[in-house]
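Working notes for the structure below.
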Amino acid sequence: MNEFSILCRVIGSLFNRQPQDPLLVPLFTMLREGKLKAQWPLEQDELLTRLQQNSDPQALAADYNALFVGSECSVPPYASQWPNGPQEADVRAFLSSRGMPLSDAPADHFGVLLLAASWLEDQSAEDEFAAQLALFDDYLLPWCGAFLGKVEAHATSAFYRTLAALSREAIQAMYDELNEGNDEEA
């Protein structure tokens, strides 16, 4: 798994799953023990330290639910609920056309889109750059800035405010790398 895939998988998982989800236990353990910082490919030590200091899953559950869960949530995590976001059916059709296995859960969730970017990277098809650029250009970037800004504004925990800032920087770095890779292929 390369750096791009690791970034997408970690950030996607933290947005896509409840903090107390058993599948996140190893990730929160790495975070608390400072081991994630050692493997993080970007220069984001200050943000990672802030995440580490505020990474008690039980304490984060209420903030996660208030931010992202239910019709009354303060920050809908689905692209189709944002003015510039794509429709869920369009996201699902794109990911299905790439061969990504999807569940019945909405495919336009912010976390799912990042996990999809990781999946595309790990599949490494001939046209992976084009697929990843399309994912970023058409399905993630049109709305993720507004989404992450609202997470920062509404989060009651330092963890989710910090995760939003870390995500914004990481997404920009990955997008820049995709564009550099695309220039090299052209």
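Identifiers in this document derive from the order of the structure tokens: chains are assigned A, B, ..., residues are numbered from 1 separately in each chain, and ligands are numbered from 1 in order of occurrence.
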Exercise for review: List the neighbours of stretch 46-50 of chain A out to 12 Å using only C-alpha atoms; skip same-chain residues closer than 3 positions along the sequence, and give me the result as an NGL selection string.
Suggested key: :A and (11 or 28 or 30-43 or 53-55 or 157-170)
Could you save those same residues with N, CA and C atoms as an mmCIF file, in the first residue's frame?
data_model
loop_
_atom_site.group_PDB
_atom_site.id
_atom_site.type_symbol
_atom_site.label_atom_id
_atom_site.label_comp_id
_atom_site.auth_asym_id
_atom_site.auth_seq_id
_atom_site.Cartn_x
_atom_site.Cartn_y
_atom_site.Cartn_z
ATOM 1 N N ILE A 11 -7.998 8.643 6.590
ATOM 2 C CA ILE A 11 -8.950 9.752 6.688
ATOM 3 C C ILE A 11 -10.361 9.261 6.374
ATOM 4 N N PHE A 28 -7.101 3.885 16.183
ATOM 5 C CA PHE A 28 -7.046 4.769 17.352
ATOM 6 C C PHE A 28 -5.879 4.391 18.272
ATOM 7 N N MET A 30 -2.953 3.126 17.246
ATOM 8 C CA MET A 30 -1.763 3.698 16.583
ATOM 9 C C MET A 30 -1.684 5.203 16.816
ATOM 10 N N LEU A 31 -2.826 5.853 16.727
ATOM 11 C CA LEU A 31 -2.889 7.299 16.907
ATOM 12 C C LEU A 31 -2.468 7.683 18.321
ATOM 13 N N ARG A 32 -3.065 7.027 19.323
ATOM 14 C CA ARG A 32 -2.766 7.341 20.727
ATOM 15 C C ARG A 32 -1.308 7.080 21.068
ATOM 16 N N GLU A 33 -0.730 6.038 20.464
ATOM 17 C CA GLU A 33 0.658 5.678 20.769
ATOM 18 C C GLU A 33 1.660 6.452 19.921
ATOM 19 N N GLY A 34 1.173 7.338 19.074
ATOM 20 C CA GLY A 34 2.072 8.142 18.241
ATOM 21 C C GLY A 34 2.672 7.388 17.075
ATOM 22 N N LYS A 35 2.184 6.178 16.804
ATOM 23 C CA LYS A 35 2.762 5.358 15.733
ATOM 24 C C LYS A 35 2.282 5.774 14.346
ATOM 25 N N LEU A 36 1.128 6.424 14.287
ATOM 26 C CA LEU A 36 0.629 6.873 12.989
ATOM 27 C C LEU A 36 1.550 7.960 12.430
ATOM 28 N N LYS A 37 2.029 8.829 13.313
ATOM 29 C CA LYS A 37 2.906 9.924 12.897
ATOM 30 C C LYS A 37 4.153 9.397 12.192
ATOM 31 N N ALA A 38 4.685 8.277 12.679
ATOM 32 C CA ALA A 38 5.905 7.704 12.101
ATOM 33 C C ALA A 38 5.686 7.230 10.668
ATOM 34 N N GLN A 39 4.454 6.858 10.336
ATOM 35 C CA GLN A 39 4.172 6.328 9.010
ATOM 36 C C GLN A 39 3.449 7.328 8.111
ATOM 37 N N TRP A 40 3.145 8.503 8.630
ATOM 38 C CA TRP A 40 2.370 9.486 7.872
ATOM 39 C C TRP A 40 3.260 10.133 6.819
ATOM 40 N N PRO A 41 2.874 10.109 5.557
ATOM 41 C CA PRO A 41 3.755 10.585 4.487
ATOM 42 C C PRO A 41 3.831 12.103 4.323
ATOM 43 N N LEU A 42 2.964 12.854 4.973
ATOM 44 C CA LEU A 42 2.988 14.309 4.829
ATOM 45 C C LEU A 42 3.562 14.963 6.078
ATOM 46 N N GLU A 43 4.060 16.187 5.897
ATOM 47 C CA GLU A 43 4.584 16.960 7.031
ATOM 48 C C GLU A 43 3.415 17.583 7.779
ATOM 49 N N GLN A 53 -3.608 13.741 20.996
ATOM 50 C CA GLN A 53 -3.970 14.236 22.325
ATOM 51 C C GLN A 53 -5.470 14.215 22.574
ATOM 52 N N ASN A 54 -6.259 14.059 21.519
ATOM 53 C CA ASN A 54 -7.721 14.136 21.650
ATOM 54 C C ASN A 54 -8.406 12.906 21.069
ATOM 55 N N SER A 55 -7.770 11.748 21.193
ATOM 56 C CA SER A 55 -8.243 10.564 20.456
ATOM 57 C C SER A 55 -8.901 9.494 21.324
ATOM 58 N N SER A 157 -15.298 18.888 19.431
ATOM 59 C CA SER A 157 -14.043 18.273 19.875
ATOM 60 C C SER A 157 -12.883 18.777 19.020
ATOM 61 N N ALA A 158 -11.737 18.895 19.658
ATOM 62 C CA ALA A 158 -10.524 19.273 18.925
ATOM 63 C C ALA A 158 -10.197 18.202 17.877
ATOM 64 N N PHE A 159 -10.585 16.959 18.132
ATOM 65 C CA PHE A 159 -10.267 15.866 17.209
ATOM 66 C C PHE A 159 -10.858 16.125 15.825
ATOM 67 N N TYR A 160 -12.157 16.392 15.759
ATOM 68 C CA TYR A 160 -12.789 16.565 14.441
ATOM 69 C C TYR A 160 -12.421 17.889 13.785
ATOM 70 N N ARG A 161 -12.180 18.950 14.584
ATOM 71 C CA ARG A 161 -11.678 20.200 13.988
ATOM 72 C C ARG A 161 -10.316 19.950 13.355
ATOM 73 N N THR A 162 -9.471 19.230 14.077
ATOM 74 C CA THR A 162 -8.125 18.932 13.582
ATOM 75 C C THR A 162 -8.177 17.984 12.382
ATOM 76 N N LEU A 163 -9.051 16.982 12.455
ATOM 77 C CA LEU A 163 -9.186 16.036 11.346
ATOM 78 C C LEU A 163 -9.608 16.765 10.070
ATOM 79 N N ALA A 164 -10.473 17.756 10.199
ATOM 80 C CA ALA A 164 -10.902 18.531 9.028
ATOM 81 C C ALA A 164 -9.723 19.286 8.414
ATOM 82 N N ALA A 165 -8.911 19.931 9.255
ATOM 83 C CA ALA A 165 -7.745 20.675 8.759
ATOM 84 C C ALA A 165 -6.733 19.722 8.117
ATOM 85 N N LEU A 166 -6.472 18.612 8.784
ATOM 86 C CA LEU A 166 -5.544 17.594 8.263
ATOM 87 C C LEU A 166 -6.056 17.061 6.921
ATOM 88 N N SER A 167 -7.350 16.818 6.832
ATOM 89 C CA SER A 167 -7.951 16.282 5.604
ATOM 90 C C SER A 167 -7.817 17.276 4.457
ATOM 91 N N ARG A 168 -8.093 18.546 4.736
ATOM 92 C CA ARG A 168 -7.995 19.575 3.693
ATOM 93 C C ARG A 168 -6.577 19.599 3.112
ATOM 94 N N GLU A 169 -5.569 19.622 3.976
ATOM 95 C CA GLU A 169 -4.175 19.645 3.517
ATOM 96 C C GLU A 169 -3.822 18.370 2.754
ATOM 97 N N ALA A 170 -4.249 17.229 3.273
ATOM 98 C CA ALA A 170 -3.917 15.945 2.636
ATOM 99 C C ALA A 170 -4.579 15.827 1.261
#
I'd like a table as a tab-separated table: residues in stretch 99-150 of chain A with an atom no more than 6 Å from stretch 73-93 of chain A, each row giving the shortest atom pair and its distance in Å to one decimal, only C-alpha atoms counted, sorted by chain and rising residue number.
residue	atom	partner	partner_atom	distance
A:Ala107	CA	A:Arg92	CA	5.5
A:Asp108	CA	A:Glu88	CA	5.1
A:His109	CA	A:Tyr78	CA	4.3
A:Phe110	CA	A:Pro77	CA	5.5
A:Tyr139	CA	A:Pro86	CA	5.9
A:Pro142	CA	A:Asn84	CA	5.5
A:Trp143	CA	A:Gly85	CA	5.2
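Atom CA of A:Phe129 to atom CA of A:Gly181 spans 7.2 Å [interatomic distance, one decimal].
If only C-alpha atoms are the atoms counted, then among A:Ala105, A:Leu140, A:Ala59, A:Leu7 the closest residue to A:Gln44 is A:Leu7.
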Study note, to complete from the structure: In Å and to one decimal, atom CA of A:Ser96 is distant from atom CA of A:Asn179 by 23.6 Å
Review point. Could you state the separation of atom CA of A:Leu135 and atom CA of A:Glu152 in Å, given to one decimal place?
Key: 23.5 Å
Check your understanding: Tell me, which residues of stretch 90-135 of chain A carry DSSP helix (DSSP H, G or I), written as a ChimeraX atom specification?
Key -> /A:90-97,110-123,128-135
